[in-house]
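Trainee: Structure file my_file30.cif (mmCIF, C-alpha atoms and all ligand atoms; chains and numbers go by the auth columns) is given on the next line.
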data_structure
#
loop_
_atom_site.group_PDB
_atom_site.id
_atom_site.type_symbol
_atom_site.label_atom_id
_atom_site.label_comp_id
_atom_site.label_asym_id
_atom_site.label_seq_id
_atom_site.Cartn_x
_atom_site.Cartn_y
_atom_site.Cartn_z
_atom_site.B_iso_or_equiv
_atom_site.auth_seq_id
_atom_site.auth_asym_id
ATOM 1 C CA MET A 1 15.252 1.654 -17.502 0.00 1 O
ATOM 2 C CA ALA A 2 12.697 -0.337 -15.508 0.00 2 O
ATOM 3 C CA LYS A 3 10.920 1.270 -12.577 0.00 3 O
ATOM 4 C CA HIS A 4 10.796 -0.576 -9.278 0.00 4 O
ATOM 5 C CA LEU A 5 7.579 -0.751 -7.262 0.00 5 O
ATOM 6 C CA LEU A 6 7.243 -1.931 -3.673 0.00 6 O
ATOM 7 C CA LEU A 7 3.855 -3.366 -2.727 0.00 7 O
ATOM 8 C CA LEU A 8 3.904 -3.053 1.054 0.00 8 O
ATOM 9 C CA ASN A 9 1.307 -4.375 3.482 0.00 9 O
ATOM 10 C CA GLY A 10 1.052 -3.824 7.202 0.00 10 O
ATOM 11 C CA PRO A 11 -0.460 -5.701 10.141 0.00 11 O
ATOM 12 C CA ASN A 12 -3.081 -8.430 9.723 0.00 12 O
ATOM 13 C CA LEU A 13 -3.084 -8.169 5.948 0.00 13 O
ATOM 14 C CA ASN A 14 -1.290 -11.525 5.800 0.00 14 O
ATOM 15 C CA LEU A 15 -4.675 -12.954 6.843 0.00 15 O
ATOM 16 C CA LEU A 16 -6.565 -11.592 3.831 0.00 16 O
ATOM 17 C CA GLY A 17 -8.901 -14.165 2.343 0.00 17 O
ATOM 18 C CA THR A 18 -10.048 -15.396 5.734 0.00 18 O
ATOM 19 C CA ARG A 19 -10.020 -12.129 7.697 0.00 19 O
ATOM 20 C CA GLU A 20 -13.494 -10.522 7.828 0.00 20 O
ATOM 21 C CA PRO A 21 -14.150 -11.336 4.135 0.00 21 O
ATOM 22 C CA ASP A 22 -17.357 -9.262 4.144 0.00 22 O
ATOM 23 C CA VAL A 23 -15.167 -6.186 4.833 0.00 23 O
ATOM 24 C CA TYR A 24 -11.914 -7.066 3.061 0.00 24 O
ATOM 25 C CA GLY A 25 -12.986 -9.503 0.328 0.00 25 O
ATOM 26 C CA SER A 26 -12.048 -13.103 -0.388 0.00 26 O
ATOM 27 C CA LEU A 27 -8.731 -12.675 -2.201 0.00 27 O
ATOM 28 C CA THR A 28 -5.554 -13.578 -0.357 0.00 28 O
ATOM 29 C CA LEU A 29 -2.535 -11.281 -0.334 0.00 29 O
ATOM 30 C CA GLU A 30 -0.903 -13.706 -2.765 0.00 30 O
ATOM 31 C CA ASP A 31 -3.924 -13.406 -5.117 0.00 31 O
ATOM 32 C CA ILE A 32 -3.786 -9.610 -4.934 0.00 32 O
ATOM 33 C CA THR A 33 -0.053 -9.561 -5.599 0.00 33 O
ATOM 34 C CA SER A 34 -0.474 -11.672 -8.713 0.00 34 O
ATOM 35 C CA GLU A 35 -3.321 -9.390 -9.906 0.00 35 O
ATOM 36 C CA VAL A 36 -0.979 -6.385 -9.558 0.00 36 O
ATOM 37 C CA GLU A 37 1.798 -8.340 -11.274 0.00 37 O
ATOM 38 C CA GLN A 38 -0.537 -9.080 -14.210 0.00 38 O
ATOM 39 C CA PHE A 39 -1.654 -5.461 -14.390 0.00 39 O
ATOM 40 C CA LEU A 40 1.965 -4.304 -14.589 0.00 40 O
ATOM 41 C CA GLN A 41 2.997 -6.846 -17.197 0.00 41 O
ATOM 42 C CA PRO A 42 2.782 -4.461 -20.200 0.00 42 O
ATOM 43 C CA TYR A 43 4.978 -1.905 -18.431 0.00 43 O
ATOM 44 C CA ALA A 44 8.668 -1.845 -17.639 0.00 44 O
ATOM 45 C CA VAL A 45 8.071 -2.201 -13.909 0.00 45 O
ATOM 46 C CA VAL A 46 9.641 -4.642 -11.482 0.00 46 O
ATOM 47 C CA LEU A 47 7.339 -5.515 -8.577 0.00 47 O
ATOM 48 C CA ARG A 48 8.468 -6.599 -5.132 0.00 48 O
ATOM 49 C CA HIS A 49 6.095 -7.271 -2.265 0.00 49 O
ATOM 50 C CA GLN A 50 6.639 -7.277 1.468 0.00 50 O
ATOM 51 C CA GLN A 51 4.385 -7.589 4.500 0.00 51 O
ATOM 52 C CA SER A 52 4.996 -7.119 8.188 0.00 52 O
ATOM 53 C CA ASN A 53 2.937 -7.048 11.350 0.00 53 O
ATOM 54 C CA HIS A 54 5.577 -4.903 13.081 0.00 54 O
ATOM 55 C CA GLU A 55 5.750 -1.127 12.958 0.00 55 O
ATOM 56 C CA GLY A 56 9.544 -0.843 13.226 0.00 56 O
ATOM 57 C CA GLU A 57 10.031 -3.465 10.539 0.00 57 O
ATOM 58 C CA LEU A 58 7.776 -1.448 8.206 0.00 58 O
ATOM 59 C CA VAL A 59 9.896 1.643 8.979 0.00 59 O
ATOM 60 C CA ASP A 60 13.021 -0.385 8.060 0.00 60 O
ATOM 61 C CA MET A 61 11.417 -1.650 4.838 0.00 61 O
ATOM 62 C CA LEU A 62 10.598 1.931 3.808 0.00 62 O
ATOM 63 C CA HIS A 63 14.161 3.066 4.578 0.00 63 O
ATOM 64 C CA ILE A 64 15.611 0.232 2.498 0.00 64 O
ATOM 65 C CA ALA A 65 13.123 0.947 -0.316 0.00 65 O
ATOM 66 C CA ARG A 66 14.674 4.408 -0.597 0.00 66 O
ATOM 67 C CA ASN A 67 17.719 2.709 -2.122 0.00 67 O
ATOM 68 C CA TRP A 68 15.953 0.603 -4.761 0.00 68 O
ATOM 69 C CA ALA A 69 12.287 1.567 -5.238 0.00 69 O
ATOM 70 C CA ASP A 70 10.806 4.350 -7.356 0.00 70 O
ATOM 71 C CA GLY A 71 7.459 4.214 -5.570 0.00 71 O
ATOM 72 C CA VAL A 72 5.443 2.355 -2.960 0.00 72 O
ATOM 73 C CA VAL A 73 1.839 1.159 -2.855 0.00 73 O
ATOM 74 C CA PHE A 74 1.228 0.860 0.871 0.00 74 O
ATOM 75 C CA ASN A 75 -1.646 -0.500 2.916 0.00 75 O
ATOM 76 C CA PRO A 76 -0.493 0.361 6.445 0.00 76 O
ATOM 77 C CA GLY A 77 -3.516 -1.355 8.096 0.00 77 O
ATOM 78 C CA ALA A 78 -4.290 -0.061 11.570 0.00 78 O
ATOM 79 C CA TYR A 79 -0.944 1.799 11.752 0.00 79 O
ATOM 80 C CA THR A 80 -2.578 4.334 9.424 0.00 80 O
ATOM 81 C CA HIS A 81 -4.477 5.638 12.403 0.00 81 O
ATOM 82 C CA THR A 82 -1.702 5.520 15.009 0.00 82 O
ATOM 83 C CA SER A 83 1.791 5.775 13.567 0.00 83 O
ATOM 84 C CA ILE A 84 3.768 8.991 13.567 0.00 84 O
ATOM 85 C CA ALA A 85 6.884 6.830 12.998 0.00 85 O
ATOM 86 C CA LEU A 86 5.549 5.592 9.652 0.00 86 O
ATOM 87 C CA ARG A 87 4.545 9.109 8.675 0.00 87 O
ATOM 88 C CA ASP A 88 8.072 10.343 9.416 0.00 88 O
ATOM 89 C CA ALA A 89 9.568 7.434 7.447 0.00 89 O
ATOM 90 C CA ILE A 90 7.434 8.250 4.389 0.00 90 O
ATOM 91 C CA ALA A 91 8.363 11.929 4.643 0.00 91 O
ATOM 92 C CA ALA A 92 12.046 10.986 4.957 0.00 92 O
ATOM 93 C CA ILE A 93 12.389 8.659 1.981 0.00 93 O
ATOM 94 C CA GLU A 94 11.266 11.146 -0.672 0.00 94 O
ATOM 95 C CA ILE A 95 9.806 8.560 -3.044 0.00 95 O
ATOM 96 C CA PRO A 96 6.095 8.619 -3.899 0.00 96 O
ATOM 97 C CA VAL A 97 3.919 6.511 -1.605 0.00 97 O
ATOM 98 C CA VAL A 98 0.267 5.761 -2.394 0.00 98 O
ATOM 99 C CA GLU A 99 -1.855 4.893 0.647 0.00 99 O
ATOM 100 C CA VAL A 100 -4.355 2.118 -0.094 0.00 100 O
ATOM 101 C CA HIS A 101 -7.204 0.680 1.963 0.00 101 O
ATOM 102 C CA LEU A 102 -9.477 -2.130 0.879 0.00 102 O
ATOM 103 C CA SER A 103 -12.413 -0.775 2.856 0.00 103 O
ATOM 104 C CA ASN A 104 -13.842 2.739 2.911 0.00 104 O
ATOM 105 C CA VAL A 105 -12.469 3.750 6.298 0.00 105 O
ATOM 106 C CA HIS A 106 -14.711 6.843 6.401 0.00 106 O
ATOM 107 C CA ALA A 107 -17.791 4.616 6.383 0.00 107 O
ATOM 108 C CA ARG A 108 -16.496 2.730 9.446 0.00 108 O
ATOM 109 C CA GLU A 109 -15.674 3.476 13.107 0.00 109 O
ATOM 110 C CA SER A 110 -14.601 7.063 13.812 0.00 110 O
ATOM 111 C CA PHE A 111 -11.132 5.926 15.017 0.00 111 O
ATOM 112 C CA ARG A 112 -10.430 4.909 11.412 0.00 112 O
ATOM 113 C CA HIS A 113 -11.303 8.328 9.983 0.00 113 O
ATOM 114 C CA HIS A 114 -7.925 9.919 10.661 0.00 114 O
ATOM 115 C CA SER A 115 -4.769 9.003 8.760 0.00 115 O
ATOM 116 C CA TYR A 116 -1.393 10.168 10.064 0.00 116 O
ATOM 117 C CA LEU A 117 0.096 9.149 6.725 0.00 117 O
ATOM 118 C CA ALA A 118 -2.183 10.777 4.133 0.00 118 O
ATOM 119 C CA PRO A 119 -0.551 14.256 4.314 0.00 119 O
ATOM 120 C CA VAL A 120 2.855 12.838 3.317 0.00 120 O
ATOM 121 C CA CYS A 121 1.520 10.445 0.653 0.00 121 O
ATOM 122 C CA LEU A 122 1.036 11.152 -3.034 0.00 122 O
ATOM 123 C CA GLY A 123 -2.632 10.240 -2.569 0.00 123 O
ATOM 124 C CA GLN A 124 -5.060 7.903 -0.902 0.00 124 O
ATOM 125 C CA ILE A 125 -7.284 5.183 -2.408 0.00 125 O
ATOM 126 C CA MET A 126 -9.964 3.376 -0.430 0.00 126 O
ATOM 127 C CA GLY A 127 -13.216 1.495 -0.640 0.00 127 O
ATOM 128 C CA PHE A 128 -12.623 -0.436 -3.860 0.00 128 O
ATOM 129 C CA GLY A 129 -11.372 -3.691 -2.343 0.00 129 O
ATOM 130 C CA TRP A 130 -8.336 -5.362 -3.938 0.00 130 O
ATOM 131 C CA ARG A 131 -8.676 -3.173 -7.041 0.00 131 O
ATOM 132 C CA GLY A 132 -7.361 -0.308 -4.905 0.00 132 O
ATOM 133 C CA TYR A 133 -3.889 -1.848 -5.224 0.00 133 O
ATOM 134 C CA ILE A 134 -4.255 -1.776 -9.034 0.00 134 O
ATOM 135 C CA LEU A 135 -5.426 1.844 -8.851 0.00 135 O
ATOM 136 C CA GLY A 136 -2.421 2.635 -6.646 0.00 136 O
ATOM 137 C CA ALA A 137 -0.034 1.021 -9.150 0.00 137 O
ATOM 138 C CA HIS A 138 -1.780 2.947 -11.943 0.00 138 O
ATOM 139 C CA ALA A 139 -1.276 6.192 -10.001 0.00 139 O
ATOM 140 C CA LEU A 140 2.466 5.481 -9.822 0.00 140 O
ATOM 141 C CA LEU A 141 2.585 4.744 -13.573 0.00 141 O
ATOM 142 C CA GLY A 142 1.104 8.225 -14.022 0.00 142 O
ATOM 143 C CA ALA A 143 3.595 9.805 -11.623 0.00 143 O
ATOM 144 C CA TRP A 144 6.438 8.127 -13.524 0.00 144 O
ATOM 145 C CA GLY A 145 5.104 9.267 -16.903 0.00 145 O
ATOM 146 C CA LEU A 146 4.580 5.668 -18.119 0.00 146 O
ATOM 147 C CA VAL A 147 0.909 6.441 -18.777 0.00 147 O
ATOM 148 C CA GLU A 148 -0.724 9.799 -19.504 0.00 148 O
ATOM 149 C CA HIS A 149 -0.521 11.918 -16.336 0.00 149 O
HETATM 150 C C1 LIG B . -7.427 -1.272 6.266 0.00 201 A
HETATM 151 C C2 LIG B . -8.275 -0.342 7.125 0.00 201 A
HETATM 152 C C3 LIG B . -7.696 -0.204 8.526 0.00 201 A
HETATM 153 O O1 LIG B . -8.532 0.640 9.315 0.00 201 A
HETATM 154 C C4 LIG B . -7.629 -1.564 9.190 0.00 201 A
HETATM 155 O O2 LIG B . -7.029 -1.444 10.463 0.00 201 A
HETATM 156 C C5 LIG B . -6.923 -2.569 8.371 0.00 201 A
HETATM 157 C C6 LIG B . -7.203 -2.621 6.934 0.00 201 A
HETATM 158 C C7 LIG B . -8.073 -1.539 4.888 0.00 201 A
HETATM 159 O O3 LIG B . -7.373 -2.026 4.004 0.00 201 A
HETATM 160 O O4 LIG B . -9.279 -1.294 4.702 0.00 201 A
HETATM 161 O O5 LIG B . -6.174 -3.390 8.870 0.00 201 A
HETATM 162 O O6 LIG B . -6.174 -0.661 6.032 0.00 201 A
#
Would you encode the structure as structure tokens?
Mentor:
Amino acid sequence: MAKHLLLLNGPNLNLLGTREPDVYGSLTLEDITSEVEQFLQPYAVVLRHQQSNHEGELVDMLHIARNWADGVVFNPGAYTHTSIALRDAIAAIEIPVVEVHLSNVHARESFRHHSYLAPVCLGQIMGFGWRGYILGAHALLGAWGLVEH
């Protein structure tokens, strides 16, 4: 049976492509989504993508994902560094969530060094630009046993 993957993006990531391209790269969110789609093509995985600039909406999306998704690749944007609500949502849904950041947050301002979400995620990927989303999807393939673990 096919696995279902949610590609979830938080605040300001809808502006990728034009937003600080020296930090976040020149691909749009649409470009990145189609790269992930292409990467997943050989596997029995159904991809859905969602984006929101609103914390509560992201909480709702995670709750709903509990009912249909087998895993989430999540770039929570700045909520990474502020949101106990998103941490609690990830802990509550009991499906694997991979935290992804385009930039290496540890090489940036100190307020970006702490993640409220990392302790409840399967793992964290950062610093590799848009390819981090591919790496996150690959990590879920491993967790699902679709590639060598
Ligand atoms: C980000 C890093 C966050 O610190 C920042 O607030 C973002 C993007 C990244 O992908 O590098 O919005 O999550």
Trainee: Show me, as AutoDock Vina command-line options, the centre and edge lengths in Å to one decimal of the axis-aligned box that covers every listed atom of ligand LIG 201 (chain A) with 6 Å on each side.
Mentor:
--center_x -7.7 --center_y -1.4 --center_z 7.2 --size_x 15.1 --size_y 16.0 --size_z 18.5
Trainee: Using the chain letters and numbers from the file, give me the residues hit by the PyMOL selection byres (((chain O and resi 31-34) around 8) and not hetatm), as a list in words.
Mentor: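 Taken on the displayed file, the PyMOL selection byres (((chain O and resi 31-34) around 8) and not hetatm) yields the residues Leu7, Leu27, Thr28, Leu29, Glu30, Glu35, Val36, Glu37, Gln38, His49, Trp130 and Tyr133 of chain O.
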Trainee: Write out as an MDAnalysis selection string each polymer residue whose atoms come within 12 Å of O:Ile64, counting all atoms listed in the file; drop sequence neighbours fewer than 4 positions from it.
Mentor: chainID O and resid 6 50 57:60 68:70 72 89:90 92:93 95
Trainee: What does the PyMOL selection byres (((not hetatm)) within 9 of (chain A and resi 201)) select in this file, as a ChimeraX atom specification?
Mentor: /O:9-13,23-24,75-81,99-105,108-109,111-113,126-127,129-130
Trainee: Could you expand the PyMOL selection byres (((chain O and resi 136-145) around 8) and not hetatm) into the explicit residues it covers here, written as a compact mmCIF listing (two decimals) with C-alpha atoms, in the frame of the given file?
Mentor:
# COMPACT_ATOMS: atom_id res chain seq x y z
CA VAL O 36 -0.98 -6.38 -9.56
CA LEU O 40 1.96 -4.30 -14.59
CA GLY O 71 7.46 4.21 -5.57
CA VAL O 73 1.84 1.16 -2.86
CA PRO O 96 6.10 8.62 -3.90
CA VAL O 98 0.27 5.76 -2.39
CA GLU O 99 -1.86 4.89 0.65
CA VAL O 100 -4.36 2.12 -0.09
CA ILE O 125 -7.28 5.18 -2.41
CA GLY O 132 -7.36 -0.31 -4.90
CA TYR O 133 -3.89 -1.85 -5.22
CA ILE O 134 -4.26 -1.78 -9.03
CA LEU O 135 -5.43 1.84 -8.85
CA LEU O 146 4.58 5.67 -18.12
CA VAL O 147 0.91 6.44 -18.78
CA GLU O 148 -0.72 9.80 -19.50
CA HIS O 149 -0.52 11.92 -16.34
Trainee: Please measure the separation of atom CA of O:Leu117 and atom CA of O:Asp88, giving the value in Å to one decimal.
Mentor: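 Atom CA of O:Asp88 lies 8.5 Å from atom CA of O:Leu117.
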Trainee: For atom CA of O:Pro119 and atom CA of O:His106, determine how far apart the two atoms are, in Å to one decimal place.
Mentor: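 If I compute the distance from atom CA of O:Pro119 to atom CA of O:His106, I get 16.1 Å.
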Trainee: If you count all atoms listed in the file, which residues fall within 8 Å of O:Ala44, apart from same-chain ones fewer than 5 positions away, as a PDB file with C-alpha atoms, in the coordinates of the input?
Mentor:
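This went into around_30.pdb:
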ATOM      1  CA  MET O   1      15.252   1.654 -17.502  1.00  0.00           C
ATOM      2  CA  ALA O   2      12.697  -0.337 -15.508  1.00  0.00           C
ATOM      3  CA  LYS O   3      10.920   1.270 -12.577  1.00  0.00           C
TER       4      LYS O   3
END
Trainee: Take atom CA of O:His114 and atom CA of O:Phe74 and report the distance between them in Å, one decimal.
Mentor: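 Separation between atom CA of O:His114 and atom CA of O:Phe74: 16.2 Å.
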Trainee: Find, counting all atoms listed in the file, the residue in O:Cys121, O:Ala107, O:Leu86, O:Ala91 that gets nearest to O:Met61.
Mentor: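 Closest to O:Met61, using all atoms listed in the file: O:Leu86.
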